[in-house]
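Chemist: First the structure, which I've put down as structure tokens, then a few questions once you've had a look.
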Number of protein chains: 2
Amino acid sequence: MKILKVNDQISIKRSVDNGTEQQRAIVKDIIESVRQNGDQALKDYTEKYDGISLDDFKVSQAEIEEALGQVDGKILEIIKEAADNIRSFHEKQLRPSWMTTEENGTVLGQKITPLDSVGLYVPGGTAAYPSSVLMNVIPAKVAGVKRIVITSPPDKKTGKLPPAVLAAAKIAGAEEIYKAGGSQAIAALAYGTETIAPVDKITGPGNIFVALAKREVFGDVDIDMIAGPSEIAILADNTAHADEVASDLLSQAEHDPMASAVLVTTSYALAEQVSAEVDRQLAELPRQEIAFQSIENYGAVYVAENMDEAIETVNSLAPEHLEILTENPMELLGRIRHAGAIFLGRFSPEPVGDYFAGPNHVLPTNGTARFSSPLNVEDFQKKSSILLYSEKALKDNGEKIAAFARMEGLEAHARSIETRLRK
Amino acid sequence: MKILKVNDQISIKRSVDNGTEQQRAIVKDIIESVRQNGDQALKDYTEKYDGISLDDFKVSQAEIEEALGQVDGKILEIIKEAADNIRSFHEKQLRPSWMTTEENGTVLGQKITPLDSVGLYVPGGTAAYPSSVLMNVIPAKVAGVKRIVITSPPDKKTGKLPPAVLAAAKIAGAEEIYKAGGSQAIAALAYGTETIAPVDKITGPGNIFVALAKREVFGDVDIDMIAGPSEIAILADNTAHADEVASDLLSQAEHDPMASAVLVTTSYALAEQVSAEVDRQLAELPRQEIAFQSIENYGAVYVAENMDEAIETVNSLAPEHLEILTENPMELLGRIRHAGAIFLGRFSPEPVGDYFAGPNHVLPTNGTARFSSPLNVEDFQKKSSILLYSEKALKDNGEKIAAFARMEGLEAHARSIETRLRK
């Protein structure tokens, strides 16, 4: 693993993939077809891209029950405990509508309401993670969303979805599940078909066709942030254990050849130890080819002159995951401006948050922690402003409001006020 | 104004304008040029599209001071009072970081941090509204954003920005202002030029080129919801005053030929009176051509059988602005699921919220109140999750976490946990 000084090159940011012209054209066509031809288009594209002909997209109750029976009992218990932890954390994000009152009769406030319906996209193949089902469905449930829909591409041979995904969906409380993937699934969620009623918001990761489709329907429905490759940064001093640092870097690297794993440390000794330890542990990993590419292309150990420089480096990376492995991690928390999730101390390795502790694992990637947040309950709610003026409040302020409107050239706005003042 | 039954046609939703192929290609080119050639590209496009050659994009302190002197003193006072009200309302949206602790040593929480920098786009010409400057800048200020940038296209003749816009910016507390418009301004905000450092989020309305550019840079920076035409729905019973209802409908209609103004009422008598009153008042408006087109194409009076039906109609419209002009408006508030801002009672006409009361006037348009919120302080902040496990917490839960990781085929995740457990 390469060792660099922080001023060598401190960005792990990769440009957002907006697709090729051809990919964009394909996605536009698919969306248009699904809008026009509904289920028939969905059926055709499923045959074309997923290699299977389906008569019914909906996962039946029998399939869900069958899936529960296929998952190991101990694993089911672990999924349930994780779901409880996730639910408990997200319930703490709930907050009330509020209002303020004034003596002149004015009432102002903010009303919180859940979305009516949301759709979760679950990728197919080995990326069909039950943990992602929990992390997307549970915040929506806690928010009060009544209708939660899941779509995921069917297996080419069996035409079914992975049992662990269905089990996680059932445990999280989502039972309206469809076998559909790619841009066509996103189009169906956004605009509806005969079988699938449209939803108000689409979340969940996916390949470039899913990402482009989400970007295209954005505005007609809401979407979550478009996910890029995953990344971890570890901020460590000479108290960190090299084997632990290395294992945490690799846990990120095994996700994806594009994933990024970065150590920022004030200790050159640690840098050298971690670099060697990464090589050693890498050799023993089942997904070593993926992890190798990630470490080779997007991995680095940065050595900083001091902790100030190290912290500034972390802030400039704005990593999705940040581990702080220093003598007093809590003391540094206030200086971290940009990070999706912050893991404090050596007993809080990133997988604790990926599966179990409770905070969401859907996090801003690719430097977007500068402006985005972990998926949370508020992503499934919206606010409405509340305004009530009394007769006195309007009489006291109406002329000023009318003058403001006239300055902007909007006479009818002024008259709407004056119609009342005149009486 | 046409009178319809609610089941005749209850959608005012217009499809999101994704632009023509040609427009999209132009926008992509402009963004690419600005990324490549920075200030020079900005200068060229400003000459091409705004018709003026500028040597310096930055608005000087002298220009800002000059603008303050050009705005009527009374108007300045009104802008200041509005700014105070807006600040006061948005300060109530602030909330603290929080954490929870458990006896086994676990600490979980959510840390709130302001964005580092944001950019506000202000359209040119008659759409350069000082009130929009207040409504975008103040929430960012309250959120704690340190760098707030404004861009707006310069006047073709003078090369300057409107005095009232500069005055509002100064009052709101934004003094980094550039003379640039269109896609090129959005590209400069997103990627930076020699003169303009990039920002993390771009807000503010604009024409189709601005909207397409925002959609294109989304992901590299955050954007606010892409704004569509404005709309109002009024929910009224037989206690409403026809002249007031009509004036409020017209205050929306005068914005834009695409704006929508809709009355939903349980009273056929009111429907007839309002329809006649709209025609009468329309004849006296300076912007009557715009308002006429809006009323003609996107205006309607819907008569509902009863209040239940009327409320369902309003929810299906998900209007940007909703006025409730019934005997007891507060009683109906809990039944409104979708609306950007809700104005209660006859002394709370919409312009009260457009300029002065305090809640934001940047609201979800075109039915997006189903899933979006008024612009608010949280749009200028982001959250980071905090996770701290103690040695005990990891020992108690580590095996379960490792088992979950292995089920998902992620061995390095399991080993990251086990490296600690082994010791």
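Lettering and numbering for the structure tokens are positional, with chains as A, B, ... in the shown order, residues counted from 1 in each chain, and ligands counted from 1 in the shown order.
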Please identify every residue of chain B that has at least one atom no farther than 6 Å from an atom of chain A, counting only C-alpha atoms, and for each give the shortest atom pair and the distance in Å to one decimal, arranged by chain then increasing number, as JSON lines.

Modeler:
```
{"residue": "B:Leu115", "atom": "CA", "partner": "A:Phe371", "partner_atom": "CA", "distance": 5.9}
{"residue": "B:Ser247", "atom": "CA", "partner": "A:Ser416", "partner_atom": "CA", "distance": 4.8}
{"residue": "B:Asp248", "atom": "CA", "partner": "A:Ser416", "partner_atom": "CA", "distance": 5.4}
{"residue": "B:Ser251", "atom": "CA", "partner": "A:Ala412", "partner_atom": "CA", "distance": 4.6}
{"residue": "B:Gly340", "atom": "CA", "partner": "A:Ser384", "partner_atom": "CA", "distance": 4.9}
{"residue": "B:Ala341", "atom": "CA", "partner": "A:Ser385", "partner_atom": "CA", "distance": 4.4}
{"residue": "B:Ile342", "atom": "CA", "partner": "A:Ile386", "partner_atom": "CA", "distance": 5.0}
{"residue": "B:Phe343", "atom": "CA", "partner": "A:Leu387", "partner_atom": "CA", "distance": 4.9}
{"residue": "B:Leu344", "atom": "CA", "partner": "A:Leu388", "partner_atom": "CA", "distance": 5.0}
{"residue": "B:Phe347", "atom": "CA", "partner": "A:Tyr389", "partner_atom": "CA", "distance": 5.5}
{"residue": "B:Ser348", "atom": "CA", "partner": "A:Tyr389", "partner_atom": "CA", "distance": 4.9}
{"residue": "B:Pro351", "atom": "CA", "partner": "A:His413", "partner_atom": "CA", "distance": 5.8}
{"residue": "B:Phe371", "atom": "CA", "partner": "A:Leu115", "partner_atom": "CA", "distance": 5.9}
{"residue": "B:Ser372", "atom": "CA", "partner": "A:Lys382", "partner_atom": "CA", "distance": 5.5}
{"residue": "B:Ser373", "atom": "CA", "partner": "A:Lys383", "partner_atom": "CA", "distance": 4.8}
{"residue": "B:Lys382", "atom": "CA", "partner": "A:Ser373", "partner_atom": "CA", "distance": 5.1}
{"residue": "B:Lys383", "atom": "CA", "partner": "A:Ser373", "partner_atom": "CA", "distance": 4.8}
{"residue": "B:Ser384", "atom": "CA", "partner": "A:Gly340", "partner_atom": "CA", "distance": 4.9}
{"residue": "B:Ser385", "atom": "CA", "partner": "A:Ala341", "partner_atom": "CA", "distance": 4.4}
{"residue": "B:Ile386", "atom": "CA", "partner": "A:Ile342", "partner_atom": "CA", "distance": 5.0}
{"residue": "B:Leu387", "atom": "CA", "partner": "A:Phe343", "partner_atom": "CA", "distance": 4.9}
{"residue": "B:Leu388", "atom": "CA", "partner": "A:Leu344", "partner_atom": "CA", "distance": 5.0}
{"residue": "B:Tyr389", "atom": "CA", "partner": "A:Ser348", "partner_atom": "CA", "distance": 4.9}
{"residue": "B:Ser390", "atom": "CA", "partner": "A:Phe347", "partner_atom": "CA", "distance": 5.7}
{"residue": "B:Glu391", "atom": "CA", "partner": "A:Phe347", "partner_atom": "CA", "distance": 5.5}
{"residue": "B:Ala412", "atom": "CA", "partner": "A:Ser251", "partner_atom": "CA", "distance": 4.6}
{"residue": "B:His413", "atom": "CA", "partner": "A:Ser251", "partner_atom": "CA", "distance": 4.6}
{"residue": "B:Ser416", "atom": "CA", "partner": "A:Ser247", "partner_atom": "CA", "distance": 4.8}
```

Chemist: So which residues touch Lys48 in chain A within 12 Å, counting only C-alpha atoms, skipping near sequence neighbours fewer than 6 positions away, as a list in words?

Modeler: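 Answer for this query is Ile30, Ala41, Leu42, Leu54, Lys156, Ala180, Gly181, Gly182 and Gln184 of chain A.
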
Chemist: Mind checking DSSP for range 81-177 of chain B and telling me the alpha helix (DSSP H) residues as a PDB file with N, CA and C atoms, in the first residue's frame?

Modeler:
```
ATOM      1  N   GLU B  81     -37.340  44.643   8.317  1.00  0.00           N
ATOM      2  CA  GLU B  81     -38.310  44.024   9.231  1.00  0.00           C
ATOM      3  C   GLU B  81     -38.660  42.607   8.744  1.00  0.00           C
ATOM      4  N   ALA B  82     -38.841  42.470   7.426  1.00  0.00           N
ATOM      5  CA  ALA B  82     -39.107  41.140   6.867  1.00  0.00           C
ATOM      6  C   ALA B  82     -37.945  40.194   7.186  1.00  0.00           C
ATOM      7  N   ALA B  83     -36.720  40.706   7.021  1.00  0.00           N
ATOM      8  CA  ALA B  83     -35.541  39.871   7.304  1.00  0.00           C
ATOM      9  C   ALA B  83     -35.531  39.414   8.758  1.00  0.00           C
ATOM     10  N   ASP B  84     -35.910  40.328   9.661  1.00  0.00           N
ATOM     11  CA  ASP B  84     -35.968  39.953  11.083  1.00  0.00           C
ATOM     12  C   ASP B  84     -36.989  38.838  11.314  1.00  0.00           C
ATOM     13  N   ASN B  85     -38.165  38.984  10.684  1.00  0.00           N
ATOM     14  CA  ASN B  85     -39.197  37.957  10.854  1.00  0.00           C
ATOM     15  C   ASN B  85     -38.744  36.612  10.289  1.00  0.00           C
ATOM     16  N   ILE B  86     -38.103  36.664   9.138  1.00  0.00           N
ATOM     17  CA  ILE B  86     -37.644  35.426   8.492  1.00  0.00           C
ATOM     18  C   ILE B  86     -36.568  34.775   9.359  1.00  0.00           C
ATOM     19  N   ARG B  87     -35.656  35.602   9.890  1.00  0.00           N
ATOM     20  CA  ARG B  87     -34.592  35.068  10.747  1.00  0.00           C
ATOM     21  C   ARG B  87     -35.189  34.420  11.989  1.00  0.00           C
ATOM     22  N   SER B  88     -36.138  35.102  12.585  1.00  0.00           N
ATOM     23  CA  SER B  88     -36.746  34.594  13.816  1.00  0.00           C
ATOM     24  C   SER B  88     -37.440  33.243  13.583  1.00  0.00           C
ATOM     25  N   PHE B  89     -38.181  33.122  12.482  1.00  0.00           N
ATOM     26  CA  PHE B  89     -38.852  31.848  12.196  1.00  0.00           C
ATOM     27  C   PHE B  89     -37.836  30.739  11.953  1.00  0.00           C
ATOM     28  N   HIS B  90     -36.813  31.048  11.173  1.00  0.00           N
ATOM     29  CA  HIS B  90     -35.863  29.992  10.815  1.00  0.00           C
ATOM     30  C   HIS B  90     -34.965  29.595  11.989  1.00  0.00           C
ATOM     31  N   GLU B  91     -34.763  30.508  12.916  1.00  0.00           N
ATOM     32  CA  GLU B  91     -33.992  30.130  14.114  1.00  0.00           C
ATOM     33  C   GLU B  91     -34.706  29.042  14.912  1.00  0.00           C
ATOM     34  N   PRO B 130     -36.007  40.710  -4.625  1.00  0.00           N
ATOM     35  CA  PRO B 130     -35.293  40.860  -3.352  1.00  0.00           C
ATOM     36  C   PRO B 130     -35.802  39.891  -2.287  1.00  0.00           C
ATOM     37  N   SER B 131     -37.113  39.616  -2.308  1.00  0.00           N
ATOM     38  CA  SER B 131     -37.648  38.699  -1.291  1.00  0.00           C
ATOM     39  C   SER B 131     -37.013  37.316  -1.408  1.00  0.00           C
ATOM     40  N   SER B 132     -36.705  36.880  -2.650  1.00  0.00           N
ATOM     41  CA  SER B 132     -36.063  35.574  -2.826  1.00  0.00           C
ATOM     42  C   SER B 132     -34.655  35.559  -2.258  1.00  0.00           C
ATOM     43  N   VAL B 133     -33.986  36.719  -2.348  1.00  0.00           N
ATOM     44  CA  VAL B 133     -32.652  36.809  -1.750  1.00  0.00           C
ATOM     45  C   VAL B 133     -32.753  36.566  -0.245  1.00  0.00           C
ATOM     46  N   LEU B 134     -33.698  37.256   0.401  1.00  0.00           N
ATOM     47  CA  LEU B 134     -33.883  37.046   1.842  1.00  0.00           C
ATOM     48  C   LEU B 134     -34.188  35.591   2.156  1.00  0.00           C
ATOM     49  N   MET B 135     -35.094  35.010   1.370  1.00  0.00           N
ATOM     50  CA  MET B 135     -35.601  33.662   1.678  1.00  0.00           C
ATOM     51  C   MET B 135     -34.553  32.569   1.478  1.00  0.00           C
ATOM     52  N   ASN B 136     -33.557  32.827   0.647  1.00  0.00           N
ATOM     53  CA  ASN B 136     -32.494  31.842   0.437  1.00  0.00           C
ATOM     54  C   ASN B 136     -31.297  32.094   1.351  1.00  0.00           C
ATOM     55  N   VAL B 137     -30.943  33.363   1.502  1.00  0.00           N
ATOM     56  CA  VAL B 137     -29.718  33.663   2.261  1.00  0.00           C
ATOM     57  C   VAL B 137     -29.919  33.462   3.766  1.00  0.00           C
ATOM     58  N   ILE B 138     -31.058  33.923   4.283  1.00  0.00           N
ATOM     59  CA  ILE B 138     -31.222  33.910   5.746  1.00  0.00           C
ATOM     60  C   ILE B 138     -31.192  32.491   6.336  1.00  0.00           C
ATOM     61  N   PRO B 139     -31.900  31.508   5.754  1.00  0.00           N
ATOM     62  CA  PRO B 139     -31.793  30.156   6.329  1.00  0.00           C
ATOM     63  C   PRO B 139     -30.356  29.630   6.318  1.00  0.00           C
ATOM     64  N   ALA B 140     -29.596  29.969   5.275  1.00  0.00           N
ATOM     65  CA  ALA B 140     -28.200  29.526   5.209  1.00  0.00           C
ATOM     66  C   ALA B 140     -27.379  30.173   6.322  1.00  0.00           C
ATOM     67  N   LYS B 141     -27.613  31.469   6.518  1.00  0.00           N
ATOM     68  CA  LYS B 141     -26.954  32.198   7.612  1.00  0.00           C
ATOM     69  C   LYS B 141     -27.278  31.570   8.964  1.00  0.00           C
ATOM     70  N   VAL B 142     -28.590  31.349   9.188  1.00  0.00           N
ATOM     71  CA  VAL B 142     -29.027  30.786  10.468  1.00  0.00           C
ATOM     72  C   VAL B 142     -28.425  29.400  10.673  1.00  0.00           C
ATOM     73  N   ALA B 143     -28.295  28.644   9.579  1.00  0.00           N
ATOM     74  CA  ALA B 143     -27.722  27.299   9.668  1.00  0.00           C
ATOM     75  C   ALA B 143     -26.252  27.333  10.076  1.00  0.00           C
ATOM     76  N   PRO B 163     -30.494  47.297  -7.785  1.00  0.00           N
ATOM     77  CA  PRO B 163     -30.197  47.811  -6.439  1.00  0.00           C
ATOM     78  C   PRO B 163     -30.942  47.076  -5.328  1.00  0.00           C
ATOM     79  N   ALA B 164     -32.206  46.755  -5.538  1.00  0.00           N
ATOM     80  CA  ALA B 164     -32.981  46.126  -4.463  1.00  0.00           C
ATOM     81  C   ALA B 164     -32.448  44.725  -4.144  1.00  0.00           C
ATOM     82  N   VAL B 165     -31.926  44.040  -5.164  1.00  0.00           N
ATOM     83  CA  VAL B 165     -31.329  42.711  -4.941  1.00  0.00           C
ATOM     84  C   VAL B 165     -30.060  42.853  -4.106  1.00  0.00           C
ATOM     85  N   LEU B 166     -29.218  43.825  -4.467  1.00  0.00           N
ATOM     86  CA  LEU B 166     -27.983  44.034  -3.708  1.00  0.00           C
ATOM     87  C   LEU B 166     -28.295  44.476  -2.278  1.00  0.00           C
ATOM     88  N   ALA B 167     -29.309  45.322  -2.144  1.00  0.00           N
ATOM     89  CA  ALA B 167     -29.688  45.786  -0.801  1.00  0.00           C
ATOM     90  C   ALA B 167     -30.172  44.609   0.046  1.00  0.00           C
ATOM     91  N   ALA B 168     -31.000  43.776  -0.546  1.00  0.00           N
ATOM     92  CA  ALA B 168     -31.514  42.603   0.197  1.00  0.00           C
ATOM     93  C   ALA B 168     -30.374  41.676   0.577  1.00  0.00           C
ATOM     94  N   ALA B 169     -29.409  41.501  -0.332  1.00  0.00           N
ATOM     95  CA  ALA B 169     -28.267  40.640  -0.049  1.00  0.00           C
ATOM     96  C   ALA B 169     -27.475  41.181   1.143  1.00  0.00           C
ATOM     97  N   LYS B 170     -27.243  42.474   1.129  1.00  0.00           N
ATOM     98  CA  LYS B 170     -26.497  43.123   2.214  1.00  0.00           C
ATOM     99  C   LYS B 170     -27.245  42.962   3.543  1.00  0.00           C
ATOM    100  N   ILE B 171     -28.552  43.221   3.511  1.00  0.00           N
ATOM    101  CA  ILE B 171     -29.354  43.091   4.738  1.00  0.00           C
ATOM    102  C   ILE B 171     -29.357  41.647   5.243  1.00  0.00           C
ATOM    103  N   ALA B 172     -29.426  40.705   4.304  1.00  0.00           N
ATOM    104  CA  ALA B 172     -29.453  39.289   4.696  1.00  0.00           C
ATOM    105  C   ALA B 172     -28.075  38.805   5.142  1.00  0.00           C
TER     106      ALA B 172
END
```

Chemist: Which of range 136-288 of chain A counts as strand (DSSP E) under DSSP, as an MDAnalysis selection string please?

Modeler: chainID A and resid 147:152 176:179 201:203 222:223 231:236 260:265

Chemist: Would you mind listing what lies within 12 Å of Glu305 in chain A as a PyMOL selection string, with only C-alpha atoms counted and same-chain residues fewer than 4 positions away left out?

Modeler: chain A and resi 4-7+237+264-268+309-313

Chemist: Could you tell me which of A:Gly51, A:Ile196, A:Tyr302, A:Asp56 comes closest to Ser275 in chain A if we count only C-alpha atoms?

Modeler: A:Tyr302

Chemist: What is the distance, in Å and to one decimal place, between CA of Glu65 in chain B and CA of Tyr178 in chain B?

Modeler: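 Those two atoms sit 15.3 Å apart.
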
Chemist: Tell me, in Å to one decimal, how far CA of Asn306 in chain A is from CA of Ala233 in chain A.

Modeler: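 Taking CA of Asn306 in chain A as the start and CA of Ala233 in chain A as the end point, the length is 16.7 Å.
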
Chemist: Which one of B:Val262, B:Arg406, B:Ile232, B:Lys160 sits closest to Val303 in chain B if you count only C-alpha atoms?

Modeler: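 Closest residue, counting only C-alpha atoms: B:Val262.
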
Chemist: Measure the distance from CA of Leu263 in chain B to CA of Ala236 in chain B in Å and round it to one decimal.

Modeler: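 If I compute the distance from CA of Leu263 in chain B to CA of Ala236 in chain B, I get 7.4 Å.
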